[in-house]
Every structure is written in C-alpha cells, then in structure tokens.
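Visitor: Okay, here's the structure, questions in a sec.
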Amino acid sequence: MPIREDRHTPEVLAEEELAGYLALAATEPLHALADAIIASSPGLRVLAGPTVGTARYDVREPVEAIRFGLVEVLITNAEVELEGSHGWATRLGDDRVGTLSAAICDAEVQRNGPLADSVRALCELVRTDLAEQHARRWAELLPTVVHFEELDR
Amino acid sequence: MGYVAARGGTEAIAAAEELVCRSRLQAGASWLELDQLTERLRYLNDRVMGEGGLWAPLLAARAIRQAEGDVIEAAHLLRAHRSTLPRLCELIPADADELRPLRRIVPAFREVPGPQLLGRTLDYTGRLLDLGDEDQARAAAAAATAAAAARHPGDDPDEYDGATEPPFPERLLDVLRRTDLAVDRRRGDDPEPTDISQVAVRPGIGRSAVLSVMARAETGALVNLWYRNILGPDNHLHEVTLGEVRHGELPIRVSHPRTGNPVLIGHLRATEVEAIEDLDGADEDRTRFDVGYGLVAGHNERKAIAMANLDIALHRDRSDSGLEQAVLMTTDGLDASGFLEHLKLPHYVTFRSMIERKQAMRTDRARNERKGRRQHTAPAVAPAAPATQPAAVAVGEVTP
C-alpha cells in the first residue's frame, strides 16, 4: 500500500504509512525527536543495526512482462525495542543516525508513548511537504506540454 | 639475458598516490561539495550510478570527486564499494507502468493518451556555448533560487486535464496491442530474474540477464554497438521508430516486517524507451510491429535508446549472429577498461621472453644460413650434399 497523499488525520496513520513518512523525513528533526524520546524513556534496546547495505531492485518490463534487475539500492536498516514495543525503519542511503532515529520514533508510536503525537505531527509535515513538492514540480513541467496546432492544407 | 626476480616501487607508488591526494586537496579552487555534483552535474552522477550498478547519489558524488571526474574510475569505485556491503533484502519489484514521468515524448505518434511532455531538455535548442559573464550568471542563479523559494503551488494556473501532478499515461505499446498492431509477447509465468552480480553471464542466459547487463553497461559501449549495427559492419539492426521516451521516478518499496505490506521509502529516477520494429522477416508476422525495451537507472536517454534497439535486435536475431555475445561480453565498462588498463602494469617478464624468442629465432636463422652456405659450397668437397639443401637458400644469397 503506497503512501496516500489525500487528506487524513495523523491519528489514522497505518503502520506502513508511518514507516514510509519516517523513511522520507529529514534526518535532523527525526534525530531531535528520537533524542527527546530516549530522554523520557530509558528502556531502549537496539535489536539490529543500524546496518548499511544494498537491496536488489527489480522492475517488471512491459514487453514480456518479466522482471529484471535494474540496479541495487543503498539502504540502512535498524530495529529497536522501546519499553517492550518494537520499532523498525529502513531509509535510503547511508543514514545510520536517521534510520536509528526513525526506528525509535516508530516504537514510540507503537507503544503510544508521550511523544507519539509529535511523531505523528512530523509525519503530517512530511506528507504536506511532499504534496507541495509534487505540485510545485508539476507546475514547472506543465508549460513544457506540447500543444499541436494543425496547419491549413 | 636471464630472468631475475626483483621487487621495488612501493615507495614510488605511495608517493604517486600521495601526489594525487595532495593535488586533489590543493587544487587551487574551493572544495567541491557533494551537492554541487548531485544537483549541478546530474547526468554525470546518474551515469556513474547506472554503470556502477548502485543507486546511491551521495556515494556516486564522492566517487566522482575521488576519481577527479573519471567516469569509469568513479563507476569502478562505486561497484567495488558495493561489493563490500551486505545485501540486506530484496525490494518489492516495481512495475514500469508506475514510472511517474518528468519527461515523456512519443516520437512515433502525435496523438497519444496523455501529454507530450518535453520536461527538462535542450533537444530542440541550438548547441551554443554559453560565454556569458560569470558574475551575471551567479547573480541570475541566486535570483532564480530566491524566486523558486517564493513560488507556491497553485501560482501557475495551467493544468493538464485538471491534474495537479504528472499523470501516468498509457504507453504506446498498450495502444498498439489494443488496436492489434503489436505482437503480444507477454508471458503467463513469472520467472525469477537472473542476478548478474551473482552469476557469470554467458550467451543463452536469458533475457532478464541481458536486460540487466545492458542496464549496467557503459554508455559509450552500448551506443557504439548500436551504431556498428546500424551503419557499421555488423548490420543486425534496422533504424527503428521510438515509441515511448520517458524519464521519471519509480517507487522504492520494502515489505513491512510486522504487517508484510509495502512501505514506500523513496524513489529512484530512471529512463525508459520503447523501440518499435517494423517486422519484415519471412517467418515474422508482417501485419504487426514488435517492440524492444530499454530501462536504465538515472537520466540517460542515449543509453536507454541503444538498449531498446539492441533488445529487439537480439529477439529477432535468436542468438545466430554473435550479437548476444557482443552485448554480454563487451559492453561492461569495468571489464573493458580493466582489461585495457592492465596493459599499463609491468610486463617485464612477458616482454623479455618475447625478446629472447626473437633473439633465439635470429640465432637459429643465422645458424641455418651458415649451414646453408656450407651446403651450397659443399659440392667441391662433398658431391653428395645438394639433395639435403634447404629450398629457401638461393645461390644469390650466398656471401663470399
């Protein structure tokens, strides 16, 4: 289920949407939020990572409808446990701080901790930023649409 | 002249490397930031990622900076680095139809579903070197950046069919299929794709591997192979018509570990091309077209066009001509450059043995000539010898 870009309230974020927005958020606000979560909840255990590695990216092409490997993608994974709640994150690139922070934020929402609403608010900010970026880019592209004019014969 | 084992050069090698590093740091120019490469030299960065086989914009920028702009070297650095990393997972496969276009043209057909979206291109503009004033250019760049920051979505009243973001237009291949003008080669099964980073590619390996090899191929090699086949001696290609030429974003998704559902974690950019072939073979369906496909990471239209052309040529060729071998074995930039550049390494022993062979041949020839002279002059002394004289020794070659 890809991230929806229609309107919704932060409270109804599905787990996949939460993880997606945390994957797309900038590192700095995630890091600040994760620091605040750790400060208020000392029971953090890093279960895995953060690990930098690759992931195979296959694409289904349209001619024979077969998959083929286009490229590999650099990603970072992390898993944590916060006061008994599981947190997980995968982000693009070599971003250990951002990924560990995102996993902590995920766990905070899973346990509905004191900063869960702050995490949801950050996700909402990411959602609106993305929508604005898409709209701005489309506005730049639109003038390059070709409008043909038929000439008199 | 015998062979004597020798060692040395370690200090010279270290000094040479130090010279490179020092020159990179003391270039007499300001430090090259990574965003200068990712944002201002996007084609270069994309090409290194595509040929290096790893989508990692910041690492590609580092590689380019370290390689001082040597594209093959940068792709080599990136691919070598990739080999040191663990493979963490497989991403959820994307469908090519999910590509959100930033540019989409259909050279074959004017009225296609969706827009002819030129996007960011200079395809239709004269190639004039910009000799403008540098200070004015800097001021213009600053003004453009400020104007972009102040612009808000909705400032521009234009829209295309009411869309607020690029549409996903139906591809020309689907239009041709719908009108029964294209051969339908869609397979019902879903074969596991070959992973060319784990398996050595050889002719007959299958189309998924061939597509992967071309996606990772060196741009110049693929374009050159296409050109050899269009205008050069190989002649396995027709001049085809291009259907779709797209540059856009594909989603990157992983499976959520708790729910198993897809999670969108970002996008990568890719270039896609359809090459429409006019079938004319005796054993082909001449009432229909067939299509070749190209898809490469990043924005690289030349490479994607060459790939699509070669894909349909390989399908029609059925591995009869050696074209598949040429694609699989000669288009990888690292393979070709590695083989080429090894020639710079010391070949002292090889070359010495070559010299010694030549000297031995020369000695042998001189011995034969002396022997021939003796045999030529022998009749006065030994009349029975002429029957064994070498045929090559002529009377005129005999020196006094």
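Starting from 1 in every chain, residues are counted up; chains themselves are A, B, ... following the order of the structure tokens, and ligands are numbered from 1 as listed.
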Enumerate as an MDAnalysis selection string the residues belonging to chain A that approach chain B to within 8 Å, with only C-alpha atoms taken into account.

Guide: chainID A and resid 1:3 15:17 19:21 23:24 52:74 77 88 90:93 132 134:139 141:146

Visitor: Store the residues picked out above, limited to C-alpha atoms, as a PDB file, in the first residue's frame.

Guide:
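Result file result_7.pdb:
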ATOM      1  CA  MET A   1       0.000   0.000   0.000  1.00  0.00           C
ATOM      2  CA  PRO A   2       1.783   3.162  -1.137  1.00  0.00           C
ATOM      3  CA  ILE A   3       1.596   6.357   0.865  1.00  0.00           C
ATOM      4  CA  GLU A  15       1.811   1.230  10.152  1.00  0.00           C
ATOM      5  CA  GLU A  16       3.079   1.287   6.584  1.00  0.00           C
ATOM      6  CA  GLU A  17       2.295   4.985   6.174  1.00  0.00           C
ATOM      7  CA  ALA A  19       7.144   3.833   8.355  1.00  0.00           C
ATOM      8  CA  GLY A  20       7.011   5.482   4.930  1.00  0.00           C
ATOM      9  CA  TYR A  21       6.877   9.021   6.272  1.00  0.00           C
ATOM     10  CA  ALA A  23      11.701   6.950   5.823  1.00  0.00           C
ATOM     11  CA  LEU A  24      11.179  10.192   3.923  1.00  0.00           C
ATOM     12  CA  VAL A  52      24.153  -0.118   5.798  1.00  0.00           C
ATOM     13  CA  GLY A  53      23.771  -2.444   2.836  1.00  0.00           C
ATOM     14  CA  THR A  54      22.186  -2.944  -0.534  1.00  0.00           C
ATOM     15  CA  ALA A  55      18.856  -4.213  -1.784  1.00  0.00           C
ATOM     16  CA  ARG A  56      18.089  -5.590  -5.224  1.00  0.00           C
ATOM     17  CA  TYR A  57      15.676  -3.516  -7.270  1.00  0.00           C
ATOM     18  CA  ASP A  58      13.772  -5.445  -9.930  1.00  0.00           C
ATOM     19  CA  VAL A  59      11.388  -3.942 -12.447  1.00  0.00           C
ATOM     20  CA  ARG A  60       8.684  -5.711 -14.423  1.00  0.00           C
ATOM     21  CA  GLU A  61       9.082  -4.648 -18.035  1.00  0.00           C
ATOM     22  CA  PRO A  62       6.107  -4.371 -20.391  1.00  0.00           C
ATOM     23  CA  VAL A  63       7.167  -6.420 -23.444  1.00  0.00           C
ATOM     24  CA  GLU A  64       7.277  -9.951 -21.967  1.00  0.00           C
ATOM     25  CA  ALA A  65       6.047  -8.884 -18.506  1.00  0.00           C
ATOM     26  CA  ILE A  66       9.164 -10.380 -16.910  1.00  0.00           C
ATOM     27  CA  ARG A  67      11.198  -8.936 -14.054  1.00  0.00           C
ATOM     28  CA  PHE A  68      14.842  -7.946 -14.407  1.00  0.00           C
ATOM     29  CA  GLY A  69      17.385  -6.396 -12.075  1.00  0.00           C
ATOM     30  CA  LEU A  70      17.721  -2.699 -12.848  1.00  0.00           C
ATOM     31  CA  VAL A  71      20.141  -1.680 -10.115  1.00  0.00           C
ATOM     32  CA  GLU A  72      20.882  -2.167  -6.437  1.00  0.00           C
ATOM     33  CA  VAL A  73      19.870   0.463  -3.932  1.00  0.00           C
ATOM     34  CA  LEU A  74      21.836   1.619  -0.896  1.00  0.00           C
ATOM     35  CA  ASN A  77      18.052  -0.799   8.380  1.00  0.00           C
ATOM     36  CA  TRP A  88      11.642  -0.657  12.754  1.00  0.00           C
ATOM     37  CA  THR A  90      14.518   1.401   6.567  1.00  0.00           C
ATOM     38  CA  ARG A  91      15.797   4.542   4.866  1.00  0.00           C
ATOM     39  CA  LEU A  92      17.588   5.211   1.594  1.00  0.00           C
ATOM     40  CA  GLY A  93      21.332   5.824   1.570  1.00  0.00           C
ATOM     41  CA  GLU A 132       3.746  20.706  -2.137  1.00  0.00           C
ATOM     42  CA  HIS A 134       4.898  17.404  -6.277  1.00  0.00           C
ATOM     43  CA  ALA A 135       2.557  20.291  -7.036  1.00  0.00           C
ATOM     44  CA  ARG A 136       5.458  22.726  -7.484  1.00  0.00           C
ATOM     45  CA  ARG A 137       7.276  20.381  -9.795  1.00  0.00           C
ATOM     46  CA  TRP A 138       4.167  19.752 -11.874  1.00  0.00           C
ATOM     47  CA  ALA A 139       3.661  23.500 -12.163  1.00  0.00           C
ATOM     48  CA  LEU A 141       6.622  20.911 -16.002  1.00  0.00           C
ATOM     49  CA  LEU A 142       3.215  21.979 -17.305  1.00  0.00           C
ATOM     50  CA  PRO A 143       4.479  24.720 -19.640  1.00  0.00           C
ATOM     51  CA  THR A 144       6.550  22.067 -21.423  1.00  0.00           C
ATOM     52  CA  VAL A 145       3.464  20.141 -22.577  1.00  0.00           C
ATOM     53  CA  VAL A 146       3.277  20.391 -26.370  1.00  0.00           C
TER      54      VAL A 146
END

Visitor: Among segment 246-305 of chain B, which residues carry a DSSP assignment of alpha helix (DSSP H), reported as a PDB file with C-alpha atoms, in the first residue's frame?

Guide:
ATOM      1  CA  GLU B 301      18.368   8.701 -22.885  1.00  0.00           C
ATOM      2  CA  ARG B 302      21.169   7.698 -25.267  1.00  0.00           C
ATOM      3  CA  LYS B 303      21.815   4.525 -23.334  1.00  0.00           C
ATOM      4  CA  ALA B 304      18.130   3.626 -22.965  1.00  0.00           C
ATOM      5  CA  ILE B 305      17.540   4.141 -26.704  1.00  0.00           C
TER       6      ILE B 305
END

Visitor: Report, in Å to a single decimal, how far apart atom CA of Ala182 of chain B and atom CA of Ala275 of chain B are.

Guide: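 Atom-to-atom, atom CA of Ala275 of chain B to atom CA of Ala182 of chain B, that is 11.9 Å.
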
Visitor: Tell me, as number ranges by chain, which residues lie within 8 Å of Arg45 of chain A, counting only C-alpha atoms; anything in the same chain fewer than 4 positions away does not count.

Guide: A: 80-82

Visitor: Could you tell me which of B:Arg100, B:Val273, B:Leu310, B:Arg357 comes closest to Glu324 of chain B if we count only C-alpha atoms?

Guide: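 Distance minimum relative to Glu324 of chain B lands on B:Leu310.
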
Visitor: Do a neighbour search on Arg96 of chain A at 12 Å with only C-alpha atoms, toss out local chain neighbours closer than 6 positions, and write the hits as a list in words.

Guide: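 Close residues of Arg96 of chain A: Ala23, Thr27, Leu30, His31, Ala48, Gly49, Pro50, Thr51, Val52, Gly53, Leu74, Ile75, Thr76, Asn77, Ala78, Glu79, Ala89, Thr90, Ala102 and Ala103 of chain A.
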